[in-house]
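A.B. asks: Coordinates in model05.cif, mmCIF, C-alpha atoms and all ligand atoms, are listed below.
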```cif
data_protein
#
loop_
_atom_site.label_atom_id
_atom_site.label_comp_id
_atom_site.auth_asym_id
_atom_site.auth_seq_id
_atom_site.Cartn_x
_atom_site.Cartn_y
_atom_site.Cartn_z
CA MET A 1 15.57 -1.95 -5.88
CA LYS A 2 15.54 -4.92 -8.29
CA ASN A 3 12.30 -6.86 -8.79
CA LYS A 4 13.81 -10.01 -7.29
CA LYS A 5 14.81 -8.13 -4.15
CA ILE A 6 11.35 -6.50 -3.90
CA LYS A 7 9.71 -9.92 -4.17
CA GLU A 8 11.89 -11.31 -1.39
CA LEU A 9 11.10 -8.29 0.74
CA ILE A 10 7.36 -8.73 0.26
CA GLN A 11 7.59 -12.47 0.87
CA HIS A 12 9.37 -11.77 4.14
CA HIS A 13 6.53 -9.54 5.39
CA GLN A 14 3.61 -11.26 3.64
CA LEU A 15 2.32 -12.95 6.81
CA ALA A 16 2.40 -9.70 8.81
CA MET A 17 0.47 -7.95 6.02
CA GLU A 18 -2.06 -10.79 5.85
CA LYS A 19 -2.55 -10.61 9.63
CA GLU A 20 -3.08 -6.86 9.39
CA SER A 21 -5.60 -7.43 6.56
CA THR A 22 -7.54 -9.85 8.77
CA ALA A 23 -7.39 -7.54 11.79
CA CYS A 24 -8.79 -4.61 9.80
CA TYR A 25 -11.43 -6.59 7.88
CA PRO A 26 -14.01 -5.53 6.64
CA SER A 27 -12.07 -2.26 6.34
CA GLU A 28 -9.02 -1.94 4.10
CA ALA A 29 -5.71 -2.37 5.90
CA CYS A 30 -2.68 -0.28 4.88
CA GLY A 31 0.97 0.21 5.71
CA PHE A 32 4.56 0.43 4.49
CA ILE A 33 7.64 -1.70 4.22
CA ILE A 34 10.77 0.33 4.84
CA ALA A 35 14.01 -1.31 3.77
CA SER A 36 17.74 -0.96 3.29
CA GLU A 37 19.96 -3.49 1.51
CA THR A 38 20.15 -5.60 4.66
CA GLU A 39 17.22 -4.71 6.93
CA SER A 40 13.51 -4.16 6.59
CA GLU A 41 10.49 -3.41 8.70
CA PHE A 42 6.74 -3.53 8.20
CA ILE A 43 4.88 -0.50 9.54
CA PRO A 44 1.10 -0.91 9.73
CA CYS A 45 -0.82 2.38 9.41
CA GLU A 46 -4.22 3.42 10.67
CA ASN A 47 -6.72 3.68 7.80
CA LEU A 48 -8.15 7.18 8.25
CA GLN A 49 -10.62 6.88 5.38
CA ASP A 50 -13.72 6.71 7.64
CA LYS A 51 -12.64 9.91 9.41
CA MET A 52 -12.00 11.66 6.07
CA HIS A 53 -15.35 10.41 4.75
CA ALA A 54 -17.22 11.68 7.84
CA TYR A 55 -15.41 15.03 7.71
CA ASP A 56 -15.74 15.67 3.95
CA PRO A 57 -17.98 13.14 2.15
CA GLU A 58 -17.86 15.11 -1.10
CA THR A 59 -14.09 14.86 -1.47
CA PHE A 60 -14.00 11.39 0.13
CA PRO A 61 -17.17 9.62 -1.11
CA ARG A 62 -15.88 6.14 -0.17
CA ASP A 63 -15.58 4.70 3.32
CA SER A 64 -12.88 2.33 4.58
CA LYS A 65 -14.46 -0.75 2.98
CA THR A 66 -13.32 0.37 -0.47
CA ALA A 67 -10.58 2.91 0.21
CA TYR A 68 -7.68 3.74 2.46
CA TYR A 69 -6.10 6.97 3.63
CA ILE A 70 -2.70 7.15 5.32
CA SER A 71 -2.00 10.41 7.11
CA PRO A 72 0.72 12.41 5.36
CA LYS A 73 2.30 12.87 8.80
CA LYS A 74 2.57 9.09 9.24
CA PHE A 75 4.21 8.90 5.80
CA MET A 76 6.75 11.60 6.71
CA ASP A 77 7.39 10.03 10.13
CA SER A 78 8.02 6.64 8.50
CA MET A 79 10.44 8.25 6.02
CA LYS A 80 12.28 9.94 8.89
CA GLN A 81 12.27 6.78 11.00
CA GLY A 82 13.83 4.93 8.07
CA GLU A 83 16.41 7.61 7.31
CA LYS A 84 18.00 7.15 10.73
CA THR A 85 18.86 3.55 9.83
CA GLY A 86 19.30 3.93 6.07
CA LYS A 87 15.88 2.50 5.20
CA LYS A 88 13.54 3.85 2.54
CA ILE A 89 9.82 3.35 2.03
CA SER A 90 9.96 0.62 -0.62
CA VAL A 91 6.43 -0.82 -0.57
CA ILE A 92 3.01 0.63 0.12
CA PHE A 93 0.56 -2.10 1.05
CA HIS A 94 -3.23 -2.14 1.24
CA SER A 95 -5.93 -4.80 1.30
CA HIS A 96 -9.05 -5.28 -0.81
CA PRO A 97 -11.83 -6.70 1.40
CA ASP A 98 -14.03 -9.02 -0.67
CA HIS A 99 -12.45 -7.77 -3.92
CA GLU A 100 -9.69 -9.17 -6.12
CA ALA A 101 -6.06 -8.04 -5.82
CA TYR A 102 -6.13 -5.60 -8.72
CA PHE A 103 -4.83 -2.02 -8.89
CA SER A 104 -8.02 0.01 -9.20
CA GLU A 105 -8.56 3.27 -11.01
CA GLU A 106 -8.72 4.92 -7.57
CA ASP A 107 -5.40 3.30 -6.69
CA GLN A 108 -3.85 4.60 -9.94
CA LYS A 109 -5.16 8.10 -9.20
CA ALA A 110 -3.93 8.08 -5.60
CA ALA A 111 -0.42 7.07 -6.68
CA GLN A 112 -0.13 9.68 -9.45
CA LEU A 113 0.00 13.40 -9.82
CA ASP A 114 -0.70 14.81 -13.31
CA GLY A 115 0.00 11.43 -14.91
CA GLU A 116 3.35 10.93 -13.21
CA PRO A 117 4.00 8.68 -10.21
CA VAL A 118 4.31 10.55 -6.92
CA TYR A 119 7.02 8.06 -5.84
CA PRO A 120 8.26 6.18 -8.94
CA ASP A 121 10.49 3.84 -6.91
CA ILE A 122 7.79 2.69 -4.50
CA VAL A 123 5.83 -0.43 -5.47
CA HIS A 124 2.28 -1.19 -4.33
CA HIS A 125 1.28 -4.50 -2.84
CA VAL A 126 -2.43 -5.42 -2.75
CA ILE A 127 -3.82 -8.37 -0.78
CA SER A 128 -7.30 -9.66 -1.49
CA ILE A 129 -9.14 -10.72 1.67
CA LYS A 130 -12.35 -12.68 1.40
CA GLN A 131 -14.68 -13.08 4.40
CA GLY A 132 -11.73 -12.24 6.61
CA VAL A 133 -9.40 -14.81 5.04
CA PRO A 134 -6.37 -13.65 3.00
CA ASP A 135 -6.65 -14.71 -0.65
CA THR A 136 -4.38 -13.82 -3.59
CA SER A 137 -1.98 -10.88 -3.64
CA LYS A 138 -0.26 -8.88 -6.39
CA THR A 139 2.50 -6.31 -6.63
CA PHE A 140 2.35 -3.30 -8.97
CA CYS A 141 5.18 -1.09 -10.16
CA TRP A 142 5.37 2.01 -12.34
CA ASN A 143 5.54 1.39 -16.09
CA ASN A 144 7.11 4.48 -17.60
CA SER A 145 6.16 3.72 -21.23
CA LEU A 146 2.50 2.96 -20.44
CA LYS A 147 2.38 5.68 -17.74
CA GLU A 148 0.54 3.54 -15.26
CA PHE A 149 1.17 1.02 -12.51
CA ASN A 150 1.22 -2.56 -13.84
CA GLU A 151 1.61 -5.93 -12.22
CA MET A 152 5.28 -6.61 -11.55
CA SER A 153 6.70 -9.40 -13.69
ZN ZN B 1 -7.01 -0.55 -3.82
#
```
Show the structure stored in the file as structure tokens.
Ligand SMILES: [Zn+2]

C.D. replies:
Amino acid sequence: MKNKKIKELIQHHQLAMEKESTACYPSEACGFIIASETESEFIPCENLQDKMHAYDPETFPRDSKTAYYISPKKFMDSMKQGEKTGKKISVIFHSHPDHEAYFSEEDQKAAQLDGEPVYPDIVHHVISIKQGVPDTSKTFCWNNSLKEFNEMS
């Protein structure tokens, strides 16, 4: 999907993502946008990070205030749900409660496997939310020469 199209897609769902960020505050919110050429849908996801943290604090040292975890089943279900209507997961969204809208080292790690993007065509949208109020947001896409996710131009 072209950058212009991605930007329009995000713009279209920005308010829904901001509302989700407020609803989940002070925890991180997360979700997907699935889209075809003509249709798109925002799918909010439960942030399971607190459950993962409680279950295995060594592997998951952070709680939901500074991390998010989407169940792999939810990811697969969203892919399948989209396939029926020709939509693909195009954007993964999460919020940063009381932090700026940057793509953190943790975010880079979560989106990569052995230095390669797990899903090179999926962009990441981060919304900063301060004291429950949505602030700035940024979109990050894979840069194949730098081998990291960078802010989309
Ligand atoms: Zn993050």

A.B. asks: Which distance in Å separates CA of Val123 (chain A) and CA of Arg62 (chain A), to one decimal?

C.D. replies: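 So the two atoms, CA of Val123 (chain A) and CA of Arg62 (chain A), lie 23.3 Å apart.
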
A.B. asks: So which one's closest to ligand ZN 1 (chain B), A:Pro57, A:Phe75, A:Glu28, A:Gln49? Using all atoms listed in the file, please.

C.D. replies: A:Glu28

A.B. asks: For chain A against ligand ZN 1 (chain B), with a cut-off of 12 Å and counting only C-alpha atoms and all ligand atoms, what is the closest atom pair and its distance in Å to one decimal for every residue that makes the cut, ordered by chain and number, as CSV?

C.D. replies:
```
residue,atom,partner,partner_atom,distance
A:Ser27,CA,B:ZN1,ZN,11.5
A:Glu28,CA,B:ZN1,ZN,8.3
A:Ala29,CA,B:ZN1,ZN,10.0
A:Cys30,CA,B:ZN1,ZN,9.7
A:Arg62,CA,B:ZN1,ZN,11.7
A:Ser64,CA,B:ZN1,ZN,10.6
A:Lys65,CA,B:ZN1,ZN,10.1
A:Thr66,CA,B:ZN1,ZN,7.2
A:Ala67,CA,B:ZN1,ZN,6.4
A:Tyr68,CA,B:ZN1,ZN,7.6
A:Tyr69,CA,B:ZN1,ZN,10.6
A:Ile92,CA,B:ZN1,ZN,10.8
A:Phe93,CA,B:ZN1,ZN,9.1
A:His94,CA,B:ZN1,ZN,6.5
A:Ser95,CA,B:ZN1,ZN,6.7
A:His96,CA,B:ZN1,ZN,6.0
A:Pro97,CA,B:ZN1,ZN,9.4
A:Asp98,CA,B:ZN1,ZN,11.4
A:His99,CA,B:ZN1,ZN,9.0
A:Glu100,CA,B:ZN1,ZN,9.3
A:Ala101,CA,B:ZN1,ZN,7.8
A:Tyr102,CA,B:ZN1,ZN,7.1
A:Phe103,CA,B:ZN1,ZN,5.7
A:Ser104,CA,B:ZN1,ZN,5.5
A:Glu105,CA,B:ZN1,ZN,8.3
A:Glu106,CA,B:ZN1,ZN,6.8
A:Asp107,CA,B:ZN1,ZN,5.1
A:Gln108,CA,B:ZN1,ZN,8.6
A:Lys109,CA,B:ZN1,ZN,10.4
A:Ala110,CA,B:ZN1,ZN,9.3
A:Ala111,CA,B:ZN1,ZN,10.5
A:His124,CA,B:ZN1,ZN,9.3
A:His125,CA,B:ZN1,ZN,9.2
A:Val126,CA,B:ZN1,ZN,6.8
A:Ile127,CA,B:ZN1,ZN,9.0
A:Ser128,CA,B:ZN1,ZN,9.4
A:Ile129,CA,B:ZN1,ZN,11.8
A:Ser137,CA,B:ZN1,ZN,11.5
A:Lys138,CA,B:ZN1,ZN,11.0
A:Thr139,CA,B:ZN1,ZN,11.5
A:Phe140,CA,B:ZN1,ZN,11.0
```

A.B. asks: Skip Pro120 (chain A) itself and residues of its chain fewer than 4 positions away, then list as a PyMOL selection string all residues within 12 Å of it, counting only C-alpha atoms.

C.D. replies: chain A and resi 1+89-92+111-113+115-116+124+140-144+147-149

A.B. asks: So, counting all atoms listed in the file, which residue among A:Lys2, A:Ser40, A:Leu48, A:Asn150 is closest to Gln81 (chain A)?

C.D. replies: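 The closest residue to Gln81 (chain A) is A:Ser40.
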
A.B. asks: Which distance in Å separates CA of Val133 (chain A) and CA of Ser21 (chain A), to one decimal?

C.D. replies: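 Between CA of Val133 (chain A) and CA of Ser21 (chain A) the gap is 8.4 Å.
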
A.B. asks: List the neighbours of Glu83 (chain A) out to 10 Å using only C-alpha atoms; skip same-chain residues closer than 6 positions along the sequence, and give me the result as number ranges by chain.

C.D. replies: A: 34-36, 77, 89

A.B. asks: For region 85-88 of chain A, find every residue with an atom within 10 Å (counting only C-alpha atoms), except residues of its own chain fewer than 5 positions away, and show them as a list in words.

C.D. replies: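 After dropping sequence-adjacent residues, the list is Phe32, Ile33, Ile34, Ala35, Ser36, Glu37, Thr38, Glu39, Ser40, Glu41, Ser78, Met79, Lys80, Asp121 and Ile122 of chain A.
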
A.B. asks: With N, CA and C atoms as the goal, would you fill in the gaps in region 32-58 of chain A and present it as a CSV table (one decimal), in the coordinates of the input?

C.D. replies:
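Written out: rebuild_0.csv:
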```
chain,number,residue,atom,x,y,z
A,32,PHE,N,3.3,0.3,5.3
A,32,PHE,CA,4.6,0.4,4.5
A,32,PHE,C,5.5,-0.7,4.8
A,33,ILE,N,6.4,-1.0,3.9
A,33,ILE,CA,7.6,-1.7,4.2
A,33,ILE,C,8.8,-0.7,4.0
A,34,ILE,N,9.6,-0.5,5.0
A,34,ILE,CA,10.8,0.3,4.8
A,34,ILE,C,12.0,-0.6,4.8
A,35,ALA,N,12.9,-0.3,3.9
A,35,ALA,CA,14.0,-1.3,3.8
A,35,ALA,C,15.3,-0.7,3.3
A,36,SER,N,16.4,-1.3,3.8
A,36,SER,CA,17.7,-1.0,3.3
A,36,SER,C,18.2,-2.2,2.6
A,37,GLU,N,19.5,-2.3,2.2
A,37,GLU,CA,20.0,-3.5,1.5
A,37,GLU,C,19.9,-4.7,2.4
A,38,THR,N,20.0,-4.5,3.7
A,38,THR,CA,20.2,-5.6,4.7
A,38,THR,C,19.0,-5.7,5.7
A,39,GLU,N,18.2,-4.7,5.9
A,39,GLU,CA,17.2,-4.7,6.9
A,39,GLU,C,15.9,-4.2,6.4
A,40,SER,N,14.8,-4.7,7.0
A,40,SER,CA,13.5,-4.2,6.6
A,40,SER,C,12.5,-4.3,7.8
A,41,GLU,N,11.5,-3.5,7.6
A,41,GLU,CA,10.5,-3.4,8.7
A,41,GLU,C,9.1,-3.1,8.1
A,42,PHE,N,8.1,-3.8,8.6
A,42,PHE,CA,6.7,-3.5,8.2
A,42,PHE,C,6.1,-2.6,9.2
A,43,ILE,N,5.5,-1.5,8.7
A,43,ILE,CA,4.9,-0.5,9.5
A,43,ILE,C,3.4,-0.4,9.2
A,44,PRO,N,2.5,-1.0,10.0
A,44,PRO,CA,1.1,-0.9,9.7
A,44,PRO,C,0.6,0.5,10.0
A,45,CYS,N,-0.3,1.0,9.2
A,45,CYS,CA,-0.8,2.4,9.4
A,45,CYS,C,-2.3,2.3,9.7
A,46,GLU,N,-2.8,3.3,10.5
A,46,GLU,CA,-4.2,3.4,10.7
A,46,GLU,C,-4.9,3.9,9.4
A,47,ASN,N,-6.0,3.2,9.0
A,47,ASN,CA,-6.7,3.7,7.8
A,47,ASN,C,-7.7,4.8,8.2
A,48,LEU,N,-7.4,6.0,7.8
A,48,LEU,CA,-8.2,7.2,8.2
A,48,LEU,C,-9.3,7.5,7.3
A,49,GLN,N,-9.6,6.6,6.4
A,49,GLN,CA,-10.6,6.9,5.4
A,49,GLN,C,-12.0,7.2,6.0
A,50,ASP,N,-12.4,6.5,7.0
A,50,ASP,CA,-13.7,6.7,7.6
A,50,ASP,C,-13.8,8.1,8.2
A,51,LYS,N,-12.7,8.6,8.8
A,51,LYS,CA,-12.6,9.9,9.4
A,51,LYS,C,-12.7,11.0,8.3
A,52,MET,N,-12.0,10.7,7.2
A,52,MET,CA,-12.0,11.7,6.1
A,52,MET,C,-13.4,11.7,5.5
A,53,HIS,N,-14.0,10.5,5.3
A,53,HIS,CA,-15.4,10.4,4.8
A,53,HIS,C,-16.4,11.2,5.6
A,54,ALA,N,-16.3,11.0,6.9
A,54,ALA,CA,-17.2,11.7,7.8
A,54,ALA,C,-17.0,13.2,7.8
A,55,TYR,N,-15.8,13.6,7.7
A,55,TYR,CA,-15.4,15.0,7.7
A,55,TYR,C,-15.8,15.7,6.4
A,56,ASP,N,-15.5,15.0,5.3
A,56,ASP,CA,-15.7,15.7,4.0
A,56,ASP,C,-16.2,14.6,2.9
A,57,PRO,N,-17.5,14.2,3.0
A,57,PRO,CA,-18.0,13.1,2.2
A,57,PRO,C,-18.0,13.5,0.7
A,58,GLU,N,-17.9,14.8,0.3
A,58,GLU,CA,-17.9,15.1,-1.1
A,58,GLU,C,-16.5,14.8,-1.7
```
